[in-house]
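Working notes for the structure below.
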Amino acid sequence: MLDRTDFIPFAAPSIGEEEVAAATAVMRSGWLTTGPKAREFEAAFAAYLGGGEAIAVNSATAGLHLGLESLGVGPGDAVVTTVYTFTATAEVIRYLGADPVFVDIDPDTLNISVQGLRDALSRRRVKAIIPVHFGGQACEMDEIVELARSHGAAIMSDAAHALPTTYRGRLVGALDDDISVFSFYANKTLCTGEGGMVVTRNKALAERMRIMRLHGISRDVFDRFRSTKPAWYYEVVAPGFKYNMGDIAAAIGIEQLRKLEDMRRARQSIAERYLAALRALPLKLPIVARTDDLHAWHLFVIQLDLDRLRIDRDRFIESMSAAGIGTSVHYIPLHLHPYWRDTYALRAEQFPVASAVYPRVVSLPIYPGMSDVAVGRVIDAVRQILLDASR
Ligand SMILES: *Cc1c(COP(=O)(O)O)cnc(C)c1O
């Protein structure tokens, strides 16, 4: 029998003594909310991306909301994204009274279908596009940028999985989109518990997002060091939000950013082991579209070849669990969730690829803290279960 301690979780954060010490130091400092650590984290993150403006927020969802708001998205506007994402990508469109226009995905990368996007843009006026760099692999950004420009639509990347990811040698966050939003949720590739970062090279968008991040308070007046007004004075210029990142989270983020390259390599080497060891089985491995680019490997998603198996995906997941291995499913496509399905009258036939992929996908554990032995156990279990169930 497996001991509880032998269980390999689906995900686990990589928090070391450096993060513990940094968080503790903030608590001892007496300044717990947004302050010097948040500014330091923003500066370090912008430097990592080679410039631009970085705006620390308390979640990627908050960042996506701020981003669309700064782009002027409002009631009745259309915003394109895919059904193959977390609901946060689409819910922020509804926060602003705008409507999502959902398109299907590419069967290999599970990223937004460029043809689907082209069709959507030809059918109606679109205010913005939200490509999701699924699993940590970049979307076809050259095509997406060209399409967006020719239709006058803005682009905000949902980069929740994409740190660090490159597209044709350039980091996501430093591409030609207008805004990119990263997540530092507990299971993401950089973790602050809860948190996120919005980046842009557009100063006007950054200014609007900074104001809206904190109650619509204008920073020029609020900045106590530069202002000629008294320290207690501030002006509210809009009904803003409460989306700032506190200094405890920021201090953790600074330490995580220092380790990002080591953590990336650890994920990469696990992915390479999976790719080599799971090759000749009744499953489809993740397809890496551009081998010269960095894949963040936030997720490692296999697609079971159900035609060659006597079990379905859910049975496979139960068997993995019985072998002491946690897995997950990314994603239940949005058109299958009651709210999205019923509000927008979505039908599975509109999304043939996402609908076909969903019953086959399983996400395997992949995170820096996984031991070689644990990776070996996952490989052995997948092999064993699939060989036993092969037709
Ligand atoms: C995690 C995630 C989000 C939301 O991130 P939070 O920081 O939890 O708000 C948004 N989009 C995608 C694709 C995600 O995976």
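Each chain in the structure tokens gets a letter, A, B and so on, in the order shown; residues start at 1 in every chain, and ligands are counted from 1 in the order they appear.
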
Inset, instruction - Check region 9-105 of chain A with DSSP on the backbone and list each residue it calls strand (DSSP E or B), as a count of residues only. - result: 16

Inset, instruction - Identify, on the basis of only C-alpha atoms, every residue whose closest approach to region 199-205 of chain A does not exceed 12 Å; exclude the query and any residue fewer than 2 positions from it along the same chain; express the result as a PyMOL selection string. - result: chain A and resi 42-43+45-57+60+63-64+66-72+154-159+171-183+196-197+207-213

Would you write out those residues with C-alpha atoms, as a PDB file, in the first residue's frame?
```pdb
ATOM      1  CA  GLU A  42       7.984  45.940 -10.434  1.00  0.00           C
ATOM      2  CA  ALA A  43      11.398  47.363 -11.325  1.00  0.00           C
ATOM      3  CA  PHE A  45      10.246  42.447 -13.421  1.00  0.00           C
ATOM      4  CA  ALA A  46      10.452  45.268 -15.980  1.00  0.00           C
ATOM      5  CA  ALA A  47      14.237  44.852 -16.112  1.00  0.00           C
ATOM      6  CA  TYR A  48      13.825  41.111 -16.650  1.00  0.00           C
ATOM      7  CA  LEU A  49      11.631  41.855 -19.674  1.00  0.00           C
ATOM      8  CA  GLY A  50      14.113  44.407 -20.985  1.00  0.00           C
ATOM      9  CA  GLY A  51      12.002  47.479 -20.253  1.00  0.00           C
ATOM     10  CA  GLY A  52       8.421  48.678 -20.240  1.00  0.00           C
ATOM     11  CA  GLU A  53       6.106  49.311 -17.339  1.00  0.00           C
ATOM     12  CA  ALA A  54       5.299  46.597 -14.804  1.00  0.00           C
ATOM     13  CA  ILE A  55       2.282  47.008 -12.536  1.00  0.00           C
ATOM     14  CA  ALA A  56       1.989  44.588  -9.603  1.00  0.00           C
ATOM     15  CA  VAL A  57      -1.539  43.455  -8.760  1.00  0.00           C
ATOM     16  CA  ALA A  60      -3.944  38.019 -12.779  1.00  0.00           C
ATOM     17  CA  GLY A  63      -4.702  42.527 -14.013  1.00  0.00           C
ATOM     18  CA  LEU A  64      -6.838  41.304 -16.923  1.00  0.00           C
ATOM     19  CA  LEU A  66      -7.417  46.552 -15.384  1.00  0.00           C
ATOM     20  CA  GLY A  67      -5.964  45.857 -18.814  1.00  0.00           C
ATOM     21  CA  LEU A  68      -9.301  45.743 -20.618  1.00  0.00           C
ATOM     22  CA  GLU A  69     -10.526  48.800 -18.708  1.00  0.00           C
ATOM     23  CA  SER A  70      -7.464  50.781 -19.779  1.00  0.00           C
ATOM     24  CA  LEU A  71      -8.092  49.772 -23.388  1.00  0.00           C
ATOM     25  CA  GLY A  72     -11.515  51.396 -23.147  1.00  0.00           C
ATOM     26  CA  ALA A 154      -6.045  45.803 -29.299  1.00  0.00           C
ATOM     27  CA  ILE A 155      -4.247  42.711 -27.973  1.00  0.00           C
ATOM     28  CA  MET A 156      -3.936  41.759 -24.327  1.00  0.00           C
ATOM     29  CA  SER A 157      -2.118  38.478 -23.741  1.00  0.00           C
ATOM     30  CA  ASP A 158      -3.285  36.208 -20.961  1.00  0.00           C
ATOM     31  CA  ALA A 159       0.266  35.223 -20.033  1.00  0.00           C
ATOM     32  CA  LEU A 171       9.983  37.051 -24.209  1.00  0.00           C
ATOM     33  CA  VAL A 172       6.218  37.103 -23.819  1.00  0.00           C
ATOM     34  CA  GLY A 173       5.712  40.439 -22.067  1.00  0.00           C
ATOM     35  CA  ALA A 174       8.058  42.147 -24.531  1.00  0.00           C
ATOM     36  CA  LEU A 175       6.157  41.338 -27.734  1.00  0.00           C
ATOM     37  CA  ASP A 176       4.080  43.588 -29.980  1.00  0.00           C
ATOM     38  CA  ASP A 177       0.824  43.131 -28.074  1.00  0.00           C
ATOM     39  CA  ASP A 178      -0.486  46.072 -26.035  1.00  0.00           C
ATOM     40  CA  ILE A 179      -0.613  44.433 -22.617  1.00  0.00           C
ATOM     41  CA  SER A 180       0.464  41.098 -21.087  1.00  0.00           C
ATOM     42  CA  VAL A 181      -0.787  39.751 -17.777  1.00  0.00           C
ATOM     43  CA  PHE A 182       1.092  37.190 -15.667  1.00  0.00           C
ATOM     44  CA  SER A 183      -0.268  35.181 -12.725  1.00  0.00           C
ATOM     45  CA  GLY A 196      -0.030  39.021 -10.755  1.00  0.00           C
ATOM     46  CA  MET A 197       1.836  41.485 -12.966  1.00  0.00           C
ATOM     47  CA  GLU A 207      -0.877  55.423 -16.086  1.00  0.00           C
ATOM     48  CA  ARG A 208      -4.565  54.506 -16.305  1.00  0.00           C
ATOM     49  CA  MET A 209      -3.945  51.052 -14.817  1.00  0.00           C
ATOM     50  CA  ARG A 210      -1.919  52.506 -11.915  1.00  0.00           C
ATOM     51  CA  ILE A 211      -4.751  54.886 -11.081  1.00  0.00           C
ATOM     52  CA  MET A 212      -7.471  52.235 -11.380  1.00  0.00           C
ATOM     53  CA  ARG A 213      -5.420  49.703  -9.385  1.00  0.00           C
TER      54      ARG A 213
END
```

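Between CA of Ala78 (chain A) and CA of Asp99 (chain A) lies a distance of 5.0 Å.
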
Can you pull out the residues contacting Tyr185 (chain A)? Cut-off 9 Å, using only C-alpha atoms, and skip same-chain residues under 2 positions away; I want them as an mmCIF file with N, CA and C atoms, in the first residue's frame.
```
data_model
loop_
_atom_site.group_PDB
_atom_site.id
_atom_site.type_symbol
_atom_site.label_atom_id
_atom_site.label_comp_id
_atom_site.auth_asym_id
_atom_site.auth_seq_id
_atom_site.Cartn_x
_atom_site.Cartn_y
_atom_site.Cartn_z
ATOM 1 N N SER A 59 -3.889 39.758 -8.308
ATOM 2 C CA SER A 59 -4.162 38.527 -9.042
ATOM 3 C C SER A 59 -4.067 38.844 -10.525
ATOM 4 N N ALA A 60 -3.915 37.809 -11.331
ATOM 5 C CA ALA A 60 -3.944 38.019 -12.779
ATOM 6 C C ALA A 60 -5.346 38.430 -13.217
ATOM 7 N N ALA A 160 -0.734 34.055 -18.151
ATOM 8 C CA ALA A 160 -0.733 33.387 -16.841
ATOM 9 C C ALA A 160 0.169 32.153 -16.819
ATOM 10 N N SER A 183 0.335 35.597 -13.991
ATOM 11 C CA SER A 183 -0.268 35.181 -12.725
ATOM 12 C C SER A 183 0.796 34.602 -11.808
ATOM 13 N N ASN A 187 0.045 27.786 -7.999
ATOM 14 C CA ASN A 187 0.591 26.710 -8.853
ATOM 15 C C ASN A 187 1.263 27.230 -10.127
ATOM 16 N N LYS A 188 1.449 28.536 -10.253
ATOM 17 C CA LYS A 188 2.043 29.062 -11.478
ATOM 18 C C LYS A 188 3.585 29.010 -11.410
ATOM 19 N N THR A 189 4.241 29.348 -12.531
ATOM 20 C CA THR A 189 5.697 29.135 -12.609
ATOM 21 C C THR A 189 6.484 30.105 -11.729
ATOM 22 N N LEU A 190 5.872 31.205 -11.365
ATOM 23 C CA LEU A 190 6.423 32.094 -10.325
ATOM 24 C C LEU A 190 5.268 32.329 -9.373
ATOM 25 N N CYS A 191 5.520 32.143 -8.085
ATOM 26 C CA CYS A 191 4.394 32.136 -7.148
ATOM 27 C C CYS A 191 4.605 33.117 -6.002
ATOM 28 N N THR A 192 3.575 33.913 -5.735
ATOM 29 C CA THR A 192 3.599 34.781 -4.549
ATOM 30 C C THR A 192 2.414 34.439 -3.631
ATOM 31 N N GLY A 193 1.833 33.262 -3.805
ATOM 32 C CA GLY A 193 0.610 32.872 -3.102
ATOM 33 C C GLY A 193 -0.567 33.293 -3.956
ATOM 34 N N GLU A 194 -0.880 34.577 -3.915
ATOM 35 C CA GLU A 194 -1.805 35.219 -4.850
ATOM 36 C C GLU A 194 -1.061 36.436 -5.397
ATOM 37 N N GLY A 195 -1.271 36.724 -6.663
ATOM 38 C CA GLY A 195 -0.623 37.915 -7.214
ATOM 39 C C GLY A 195 -0.558 37.857 -8.725
ATOM 40 N N GLY A 196 -0.169 38.965 -9.307
ATOM 41 C CA GLY A 196 -0.030 39.021 -10.755
ATOM 42 C C GLY A 196 0.752 40.254 -11.158
#
```

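Compared by their closest atoms to ligand 1, and using only C-alpha atoms and all ligand atoms, the residues A:Arg310, A:Arg273, A:His330, A:Arg267 rank with A:His330 nearest.
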
Legend entry - All residues 6 Å or closer to region 251-257 of chain A, only C-alpha atoms, same chain fewer than 2 positions away omitted, as a PyMOL selection string: chain A and resi 19+22-23+37+41+192+247-249+259-260

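You can rank A:Thr89, A:Asn111, A:Ser14, A:Ser328 by their closest distance to Ala62 (chain A) using only C-alpha atoms, and at the top of that list sits A:Thr89.
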
Legend entry - Residue nearest ligand 1 among A:Pro131, A:Gly76, A:Pro9, A:Gly116 (counting only C-alpha atoms and all ligand atoms): A:Pro131

Legend entry - DSSP alpha helix (DSSP H) selection over region 132-275 of chain A, as a PyMOL selection string: chain A and resi 141-151+203-213+219-222+247-258+260-275

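For the set A:His215, A:Lys127, A:His298, A:Arg168, the residue with the smallest atom-to-atom gap to ligand 1 is A:His298, counting only C-alpha atoms and all ligand atoms.
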
Legend entry - Near-region 318-324 of chain A list (12 Å; only C-alpha atoms; drop same-chain fewer than 5 positions) as a PyMOL selection string: chain A and resi 1-10+311-313+362-365+374+377-386+388-389

Selection to disk with C-alpha atoms, as a PDB file, in the first residue's frame:
```pdb
ATOM      1  CA  MET A   1       0.000   0.000   0.000  1.00  0.00           C
ATOM      2  CA  LEU A   2       1.098   3.516  -0.723  1.00  0.00           C
ATOM      3  CA  ASP A   3       1.862   5.734   2.202  1.00  0.00           C
ATOM      4  CA  ARG A   4       0.266   9.200   2.183  1.00  0.00           C
ATOM      5  CA  THR A   5       3.788  10.666   2.112  1.00  0.00           C
ATOM      6  CA  ASP A   6       4.401   8.870  -1.194  1.00  0.00           C
ATOM      7  CA  PHE A   7       1.635  10.830  -2.904  1.00  0.00           C
ATOM      8  CA  ILE A   8       2.914  12.956  -5.782  1.00  0.00           C
ATOM      9  CA  PRO A   9       0.720  16.062  -5.900  1.00  0.00           C
ATOM     10  CA  PHE A  10      -0.305  17.540  -9.234  1.00  0.00           C
ATOM     11  CA  ILE A 311     -10.741   3.039 -20.563  1.00  0.00           C
ATOM     12  CA  ASP A 312     -11.808   6.659 -20.695  1.00  0.00           C
ATOM     13  CA  ARG A 313      -9.961   9.691 -19.354  1.00  0.00           C
ATOM     14  CA  VAL A 362      -4.817  14.912 -18.720  1.00  0.00           C
ATOM     15  CA  SER A 363      -2.251  17.246 -17.154  1.00  0.00           C
ATOM     16  CA  LEU A 364       0.673  15.403 -15.549  1.00  0.00           C
ATOM     17  CA  PRO A 365       2.587  16.769 -12.533  1.00  0.00           C
ATOM     18  CA  ALA A 374       8.803  11.001  -8.684  1.00  0.00           C
ATOM     19  CA  ARG A 377       7.002   6.937 -10.958  1.00  0.00           C
ATOM     20  CA  VAL A 378       4.713   9.086 -13.112  1.00  0.00           C
ATOM     21  CA  ILE A 379       6.238   7.617 -16.278  1.00  0.00           C
ATOM     22  CA  ASP A 380       5.898   4.045 -14.985  1.00  0.00           C
ATOM     23  CA  ALA A 381       2.304   4.581 -13.911  1.00  0.00           C
ATOM     24  CA  VAL A 382       1.229   6.139 -17.230  1.00  0.00           C
ATOM     25  CA  ARG A 383       2.915   3.281 -19.110  1.00  0.00           C
ATOM     26  CA  GLN A 384       1.448   0.579 -16.936  1.00  0.00           C
ATOM     27  CA  ILE A 385      -2.101   1.944 -17.004  1.00  0.00           C
ATOM     28  CA  LEU A 386      -2.095   2.500 -20.762  1.00  0.00           C
ATOM     29  CA  ASP A 388      -2.994  -2.673 -19.403  1.00  0.00           C
ATOM     30  CA  ALA A 389      -5.870  -0.822 -21.093  1.00  0.00           C
TER      31      ALA A 389
END
```
